[in-house]
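Have a look at start29.pdb below; it lists PDB, C-alpha atoms.
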ATOM      1  CA  MET A 756       0.000   0.000   0.000
ATOM      2  CA  ASN A 757       1.227   3.497  -0.809
ATOM      3  CA  THR A 758       1.457   5.211   2.557
ATOM      4  CA  SER A 759       2.285   8.629   1.116
ATOM      5  CA  PHE A 760      -0.946   8.489  -0.919
ATOM      6  CA  GLU A 761      -2.875   7.568   2.249
ATOM      7  CA  ALA A 762      -1.236  10.474   4.074
ATOM      8  CA  GLU A 763      -2.202  12.890   1.275
ATOM      9  CA  VAL A 764      -5.812  11.662   1.328
ATOM     10  CA  LYS A 765      -5.890  11.911   5.117
ATOM     11  CA  ASP A 766      -4.408  15.440   4.989
ATOM     12  CA  ASP A 767      -6.967  16.458   2.333
ATOM     13  CA  LEU A 768      -9.832  15.084   4.434
ATOM     14  CA  MET A 769      -8.551  16.816   7.553
ATOM     15  CA  SER A 770      -8.165  20.166   5.812
ATOM     16  CA  GLU A 771     -11.605  19.799   4.205
ATOM     17  CA  THR A 772     -13.141  19.074   7.613
ATOM     18  CA  TYR A 773     -11.258  21.968   9.166
ATOM     19  CA  ASN A 774     -12.480  24.355   6.487
ATOM     20  CA  MET A 775     -16.101  23.308   7.030
ATOM     21  CA  ASP A 776     -15.784  23.481  10.792
ATOM     22  CA  SER A 777     -14.174  26.902  10.677
ATOM     23  CA  GLY A 778     -16.905  28.260   8.369
ATOM     24  CA  PHE A 779     -19.144  29.076  11.316
ATOM     25  CA  TYR A 780     -16.533  31.466  12.663
ATOM     26  CA  ASP A 781     -16.290  33.259   9.317
ATOM     27  CA  LEU A 782     -19.859  34.530   9.734
ATOM     28  CA  GLU A 783     -21.231  37.587  11.525
ATOM     29  CA  PHE A 784     -24.545  39.167  12.369
ATOM     30  CA  GLU A 785     -25.932  42.557  13.270
ATOM     31  CA  SER A 786     -27.165  42.763  16.842
ATOM     32  CA  ILE A 787     -30.592  44.150  17.604
ATOM     33  CA  ASP A 788     -28.941  47.444  18.570
ATOM     34  CA  GLY A 789     -26.877  47.684  15.373
ATOM     35  CA  GLU A 790     -23.478  46.278  16.379
ATOM     36  CA  ILE A 791     -21.741  43.913  13.937
ATOM     37  CA  ILE A 792     -20.766  40.782  15.878
ATOM     38  CA  PRO A 793     -18.364  38.232  14.360
ATOM     39  CA  LEU A 794     -19.062  34.658  15.444
ATOM     40  CA  SER A 795     -15.299  34.265  15.820
ATOM     41  CA  ASN A 796     -15.753  36.152  19.126
ATOM     42  CA  PHE A 797     -17.226  32.921  20.499
ATOM     43  CA  LYS A 798     -14.430  30.473  19.669
ATOM     44  CA  GLY A 799     -13.968  28.097  22.567
ATOM     45  CA  LYS A 800     -17.610  28.233  23.692
ATOM     46  CA  TYR A 801     -20.759  26.398  22.742
ATOM     47  CA  VAL A 802     -23.238  28.528  20.806
ATOM     48  CA  LEU A 803     -26.992  27.947  20.841
ATOM     49  CA  VAL A 804     -28.702  29.661  17.889
ATOM     50  CA  VAL A 805     -32.497  30.039  18.093
ATOM     51  CA  ASN A 806     -34.927  31.634  15.651
ATOM     52  CA  THR A 807     -37.379  33.522  17.836
ATOM     53  CA  ALA A 808     -40.735  35.299  17.634
ATOM     54  CA  SER A 809     -42.696  37.362  20.156
ATOM     55  CA  LYS A 810     -46.193  36.125  19.321
ATOM     56  CA  CYS A 811     -45.611  32.369  19.156
ATOM     57  CA  GLY A 812     -46.883  29.548  21.334
ATOM     58  CA  TYR A 813     -43.222  28.828  22.102
ATOM     59  CA  THR A 814     -42.396  32.427  23.088
ATOM     60  CA  ARG A 815     -42.333  31.434  26.752
ATOM     61  CA  GLN A 816     -39.075  29.608  25.911
ATOM     62  CA  TYR A 817     -37.409  33.024  26.211
ATOM     63  CA  LYS A 818     -37.560  32.478  29.986
ATOM     64  CA  ASP A 819     -35.599  29.215  29.825
ATOM     65  CA  LEU A 820     -33.208  30.578  27.217
ATOM     66  CA  GLN A 821     -32.407  33.417  29.618
ATOM     67  CA  LYS A 822     -31.962  30.947  32.477
ATOM     68  CA  LEU A 823     -29.713  28.770  30.290
ATOM     69  CA  HIS A 824     -27.683  31.865  29.420
ATOM     70  CA  GLU A 825     -27.268  32.707  33.110
ATOM     71  CA  GLU A 826     -26.440  29.181  34.314
ATOM     72  CA  TYR A 827     -23.999  28.235  31.553
ATOM     73  CA  ASN A 828     -22.520  31.616  30.598
ATOM     74  CA  GLU A 829     -18.955  30.375  31.175
ATOM     75  CA  LYS A 830     -19.420  27.733  28.451
ATOM     76  CA  LEU A 831     -22.375  28.822  26.327
ATOM     77  CA  ILE A 832     -23.466  31.775  24.217
ATOM     78  CA  VAL A 833     -27.198  32.010  23.455
ATOM     79  CA  ILE A 834     -28.158  34.034  20.388
ATOM     80  CA  GLY A 835     -31.777  34.747  19.446
ATOM     81  CA  PHE A 836     -32.555  35.589  15.835
ATOM     82  CA  PRO A 837     -36.017  37.196  15.634
ATOM     83  CA  CYS A 838     -37.783  36.433  12.382
ATOM     84  CA  ASN A 839     -41.248  36.914  10.925
ATOM     85  CA  ASP A 840     -41.084  33.984   8.486
ATOM     86  CA  PHE A 841     -43.438  31.644  10.340
ATOM     87  CA  GLY A 842     -47.027  32.696  10.925
ATOM     88  CA  SER A 843     -46.116  36.414  10.891
ATOM     89  CA  GLN A 844     -45.424  36.143  14.618
ATOM     90  CA  GLU A 845     -42.695  38.793  14.781
ATOM     91  CA  LYS A 846     -44.189  41.905  13.195
ATOM     92  CA  GLY A 847     -42.581  44.530  15.425
ATOM     93  CA  THR A 848     -39.539  46.675  14.869
ATOM     94  CA  ASN A 849     -36.180  45.766  16.371
ATOM     95  CA  GLN A 850     -36.867  48.197  19.231
ATOM     96  CA  ASP A 851     -40.317  46.631  19.816
ATOM     97  CA  ILE A 852     -38.733  43.161  19.953
ATOM     98  CA  LEU A 853     -35.983  44.258  22.350
ATOM     99  CA  SER A 854     -38.452  46.010  24.653
ATOM    100  CA  PHE A 855     -40.775  42.987  24.657
ATOM    101  CA  CYS A 856     -37.957  40.564  25.473
ATOM    102  CA  GLU A 857     -36.466  42.706  28.254
ATOM    103  CA  LYS A 858     -39.804  43.627  29.842
ATOM    104  CA  ASN A 859     -41.474  40.200  29.732
ATOM    105  CA  TYR A 860     -38.547  37.795  30.072
ATOM    106  CA  GLY A 861     -35.575  39.803  31.359
ATOM    107  CA  VAL A 862     -33.615  38.806  28.272
ATOM    108  CA  ASP A 863     -30.037  40.018  28.248
ATOM    109  CA  PHE A 864     -28.545  37.335  25.992
ATOM    110  CA  LEU A 865     -27.621  38.361  22.460
ATOM    111  CA  LEU A 866     -30.378  39.151  19.995
ATOM    112  CA  SER A 867     -29.854  39.897  16.335
ATOM    113  CA  LYS A 868     -31.821  42.389  14.332
ATOM    114  CA  LYS A 869     -34.883  40.812  12.717
ATOM    115  CA  ILE A 870     -33.784  38.536   9.877
ATOM    116  CA  LYS A 871     -35.112  36.225   7.163
ATOM    117  CA  ILE A 872     -34.335  32.528   7.385
ATOM    118  CA  LYS A 873     -36.397  31.300   4.446
ATOM    119  CA  GLY A 874     -35.997  31.870   0.745
ATOM    120  CA  GLU A 875     -33.449  33.864  -1.202
ATOM    121  CA  GLU A 876     -32.993  36.402   1.591
ATOM    122  CA  CYS A 877     -31.967  33.717   4.105
ATOM    123  CA  HIS A 878     -29.418  35.085   6.552
ATOM    124  CA  PRO A 879     -25.945  33.560   5.964
ATOM    125  CA  ILE A 880     -25.880  32.026   9.463
ATOM    126  CA  PHE A 881     -29.074  30.080   8.799
ATOM    127  CA  ASP A 882     -27.854  29.193   5.332
ATOM    128  CA  TRP A 883     -24.801  27.611   7.021
ATOM    129  CA  LEU A 884     -26.879  25.942   9.743
ATOM    130  CA  THR A 885     -29.406  24.351   7.395
ATOM    131  CA  LYS A 886     -27.214  23.066   4.528
ATOM    132  CA  LYS A 887     -24.939  20.061   4.871
ATOM    133  CA  SER A 888     -22.886  21.432   1.971
ATOM    134  CA  ASN A 889     -21.987  24.345   4.291
ATOM    135  CA  ASN A 890     -21.898  22.802   7.778
ATOM    136  CA  GLY A 891     -20.660  19.323   6.837
ATOM    137  CA  VAL A 892     -23.117  17.611   9.196
ATOM    138  CA  LEU A 893     -26.764  17.797   8.151
ATOM    139  CA  ASN A 894     -29.476  19.382   6.090
ATOM    140  CA  HIS A 895     -32.260  20.824   8.211
ATOM    141  CA  LYS A 896     -35.425  22.601   7.206
ATOM    142  CA  VAL A 897     -36.538  25.105   9.819
ATOM    143  CA  SER A 898     -40.284  24.625  10.020
ATOM    144  CA  TRP A 899     -41.291  26.994  12.826
ATOM    145  CA  ASN A 900     -40.134  29.493  15.424
ATOM    146  CA  PHE A 901     -37.791  28.450  18.236
ATOM    147  CA  ASN A 902     -35.799  25.866  16.298
ATOM    148  CA  LYS A 903     -32.437  25.455  17.987
ATOM    149  CA  PHE A 904     -28.953  24.696  16.676
ATOM    150  CA  LEU A 905     -26.010  23.817  18.913
ATOM    151  CA  ILE A 906     -22.450  24.488  17.774
ATOM    152  CA  ASN A 907     -19.458  23.140  19.702
ATOM    153  CA  PRO A 908     -16.456  25.236  20.862
ATOM    154  CA  ASN A 909     -14.599  24.354  17.634
ATOM    155  CA  GLY A 910     -17.372  25.680  15.378
ATOM    156  CA  LYS A 911     -18.834  22.281  14.446
ATOM    157  CA  LEU A 912     -22.604  21.867  14.267
ATOM    158  CA  LEU A 913     -23.634  19.297  16.880
ATOM    159  CA  GLY A 914     -27.332  19.154  16.074
ATOM    160  CA  SER A 915     -30.628  20.824  15.411
ATOM    161  CA  TYR A 916     -33.637  20.673  17.691
ATOM    162  CA  SER A 917     -37.303  21.266  16.967
ATOM    163  CA  SER A 918     -39.395  24.070  18.408
ATOM    164  CA  SER A 919     -40.871  21.715  20.980
ATOM    165  CA  THR A 920     -37.417  20.832  22.354
ATOM    166  CA  LYS A 921     -37.074  22.890  25.517
ATOM    167  CA  PRO A 922     -33.836  24.781  26.179
ATOM    168  CA  PHE A 923     -33.078  22.552  29.209
ATOM    169  CA  ASP A 924     -33.747  19.303  27.348
ATOM    170  CA  LEU A 925     -31.096  16.735  28.292
ATOM    171  CA  THR A 926     -30.091  16.278  24.643
ATOM    172  CA  ILE A 927     -28.821  19.877  24.749
ATOM    173  CA  ILE A 928     -27.608  20.032  28.355
ATOM    174  CA  ASN A 929     -25.619  16.783  28.198
ATOM    175  CA  GLN A 930     -23.645  18.116  25.226
ATOM    176  CA  ILE A 931     -22.587  21.338  26.961
ATOM    177  CA  LYS A 932     -21.747  19.862  30.393
TER
END
Starting from the coordinates I provided, produce the structure as C-alpha cells.
Amino acid sequence: MNTSFEAEVKDDLMSETYNMDSGFYDLEFESIDGEIIPLSNFKGKYVLVVNTASKCGYTRQYKDLQKLHEEYNEKLIVIGFPCNDFGSQEKGTNQDILSFCEKNYGVDFLLSKKIKIKGEECHPIFDWLTKKSNNGVLNHKVSWNFNKFLINPNGKLLGSYSSSTKPFDLTIINQIK
C-alpha cells in the first residue's frame, strides 16, 4: 500500500473538515442594537442559535433561554434571531422586539436584528446551519419558530432541535456539560 498516498488523502480530508468546521466562525450578524458581531468572538464556547418570535406559542421559551444563558454563561453563548417567516409572529420593529424581550422575560442574551431565514434572503448564518454542503453535518429545514442549533467550541454543528425541544432538554444540556 502506498502510505504517502494515504497520508495525502488523510491530509486532504482533515483540511476539508477543518475548512467546514471553521466556516461558522467566518460569519457575523448585526445585533438588535446595530453592532456587527463576528461569530469568531465565540471560539472556545458552545453557541446555541435560536430563531425567535414574540407572538408564538413557544415564546415562553425566552424564559428558559435566559436561564440557560445565566447558568452556563462560562461555556455557552445564546443568540436569538427574531424572524417573521413563520405565521407572521414577529411583526414589530427591532426596538419593539428588544423592549418585549427585556420587559417580559428579562432577556439580556444576544439578539440579532430581525432577519429572514427562508428563501433567497436567508441570513448567511441560517444558510450555514441548514445546509450540509456548508456545515458538513446535516441538512435541516426550519419549520417553525424556536428551532435550535447547537455548535461546539470548535465551530462544528452538533445538532438541530425542533421548536418543541425545551432549552433545558437533556439532549442539549448533556452536550454542553
For this session: Go through A:Ile852, A:Leu884, A:Ile872, A:Leu925 and flag the residue nearest Leu905 (chain A), using all atoms listed in the file for the distances.
Result: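 Smallest separation from Leu905 (chain A) among the options: A:Leu884.
Relative to CA of Gly789 (chain A), CA of Val862 (chain A) is found at 17.0 Å.
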For this session: Run the PyMOL selection byres ((chain A and resi 898) around 12) against the file shown and list the residues it catches, as an NGL selection string.
Result: :A and (806 or 840-842 or 872-873 or 885 or 895-897 or 899-903 or 915-919)
With C-alpha atoms retained, write the just-selected residues as a PDB file, keeping the file's coordinate frame.
ATOM      1  CA  ASN A 806     -34.927  31.634  15.651  1.00  0.00           C
ATOM      2  CA  ASP A 840     -41.084  33.984   8.486  1.00  0.00           C
ATOM      3  CA  PHE A 841     -43.438  31.644  10.340  1.00  0.00           C
ATOM      4  CA  GLY A 842     -47.027  32.696  10.925  1.00  0.00           C
ATOM      5  CA  ILE A 872     -34.335  32.528   7.385  1.00  0.00           C
ATOM      6  CA  LYS A 873     -36.397  31.300   4.446  1.00  0.00           C
ATOM      7  CA  THR A 885     -29.406  24.351   7.395  1.00  0.00           C
ATOM      8  CA  HIS A 895     -32.260  20.824   8.211  1.00  0.00           C
ATOM      9  CA  LYS A 896     -35.425  22.601   7.206  1.00  0.00           C
ATOM     10  CA  VAL A 897     -36.538  25.105   9.819  1.00  0.00           C
ATOM     11  CA  TRP A 899     -41.291  26.994  12.826  1.00  0.00           C
ATOM     12  CA  ASN A 900     -40.134  29.493  15.424  1.00  0.00           C
ATOM     13  CA  PHE A 901     -37.791  28.450  18.236  1.00  0.00           C
ATOM     14  CA  ASN A 902     -35.799  25.866  16.298  1.00  0.00           C
ATOM     15  CA  LYS A 903     -32.437  25.455  17.987  1.00  0.00           C
ATOM     16  CA  SER A 915     -30.628  20.824  15.411  1.00  0.00           C
ATOM     17  CA  TYR A 916     -33.637  20.673  17.691  1.00  0.00           C
ATOM     18  CA  SER A 917     -37.303  21.266  16.967  1.00  0.00           C
ATOM     19  CA  SER A 918     -39.395  24.070  18.408  1.00  0.00           C
ATOM     20  CA  SER A 919     -40.871  21.715  20.980  1.00  0.00           C
TER      21      SER A 919
END
For this session: Find the residue from A:Leu823, A:Ile791, A:Val833, A:Ile931 that sits nearest to Asn907 (chain A); use all atoms listed in the file when measuring.
Result: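 Looking only at the distances to Asn907 (chain A), the closest residue turns out to be A:Ile931.
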Seminar exercise, completed: Of A:Thr814, A:Gln930, A:Gln821, A:Thr920, the one sitting nearest Gly861 (chain A) when using all atoms listed in the file is A:Gln821
For this session: Rank nothing, just name the residue among A:Asn828, A:Ser786, A:Ser809, A:Asn796 nearest to Asp851 (chain A), using all atoms listed in the file.
Result: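 Looking at the shortest contact to Asp851 (chain A), the residue is A:Ser809.
One distance worth recording is that between CA of Lys869 (chain A) and CA of Gly847 (chain A), which is 9.0 Å.
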Problem set entry | CA of Thr926 (chain A) to CA of Lys858 (chain A), straight-line distance in Å |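 One can read the CA of Lys858 (chain A) to CA of Thr926 (chain A) distance as 29.5 Å.
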Problem set entry | Selected residue, from A:Ile834, A:Leu893, A:Val805, A:Leu853, that lies nearest to Gly914 (chain A) when counting only C-alpha atoms | A:Leu893
Problem set entry | Explicit residue set for the PyMOL selection byres ((chain A and resi 801) around 12), as a PyMOL selection string | chain A and resi 779+794-800+802-804+823-824+827-834+904-914+927-928+930-932
For this session: Identify, on the basis of all atoms listed in the file, every residue whose closest approach to Lys810 (chain A) does not exceed 9 Å; exclude the query and any residue fewer than 4 positions from it along the same chain; express the result as a PyMOL selection string.
Result: chain A and resi 814+843-846
Seminar exercise, completed: One residue among A:Phe864, A:Phe855, A:Phe923, A:Tyr780 is nearest to Pro879 (chain A) when using all atoms listed in the file, and that residue is A:Tyr780
Padding 4 Å on every side, please: axis-aligned box over the listed atoms of region 799-803 of chain A, centre and edge lengths to one decimal in Å, as AutoDock Vina command-line options.
--center_x -20.5 --center_y 27.5 --center_z 22.2 --size_x 21.0 --size_y 10.1 --size_z 10.9
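The point (-29.8, 34.0, 13.1) has these residues within 6 Å of it when only C-alpha atoms are used: A:Phe836, A:Ile880, A:Phe881.
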Selected residues, C-alpha atoms, written as an mmCIF file, keeping the file's coordinate frame, please.
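Printed below is again.cif as written:
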data_model
loop_
_atom_site.group_PDB
_atom_site.id
_atom_site.type_symbol
_atom_site.label_atom_id
_atom_site.label_comp_id
_atom_site.auth_asym_id
_atom_site.auth_seq_id
_atom_site.Cartn_x
_atom_site.Cartn_y
_atom_site.Cartn_z
ATOM 1 C CA PHE A 836 -32.555 35.589 15.835
ATOM 2 C CA ILE A 880 -25.880 32.026 9.463
ATOM 3 C CA PHE A 881 -29.074 30.080 8.799
#
Exercise. Near Phe784 (chain A), within 7 Å and counting all atoms listed in the file, which residues show up once chain neighbours fewer than 3 positions away are dropped, as a list in words?
Worked result: Ile791, Ile792, Pro793 and Ser867 of chain A
Can those selected residues be exported to a file as a compact mmCIF listing (two decimals), in the coordinates of the input so that it contains C-alpha atoms?
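Writing the result to part15.txt gives the following:
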# COMPACT_ATOMS: atom_id res chain seq x y z
CA ILE A 791 -21.74 43.91 13.94
CA ILE A 792 -20.77 40.78 15.88
CA PRO A 793 -18.36 38.23 14.36
CA SER A 867 -29.85 39.90 16.34
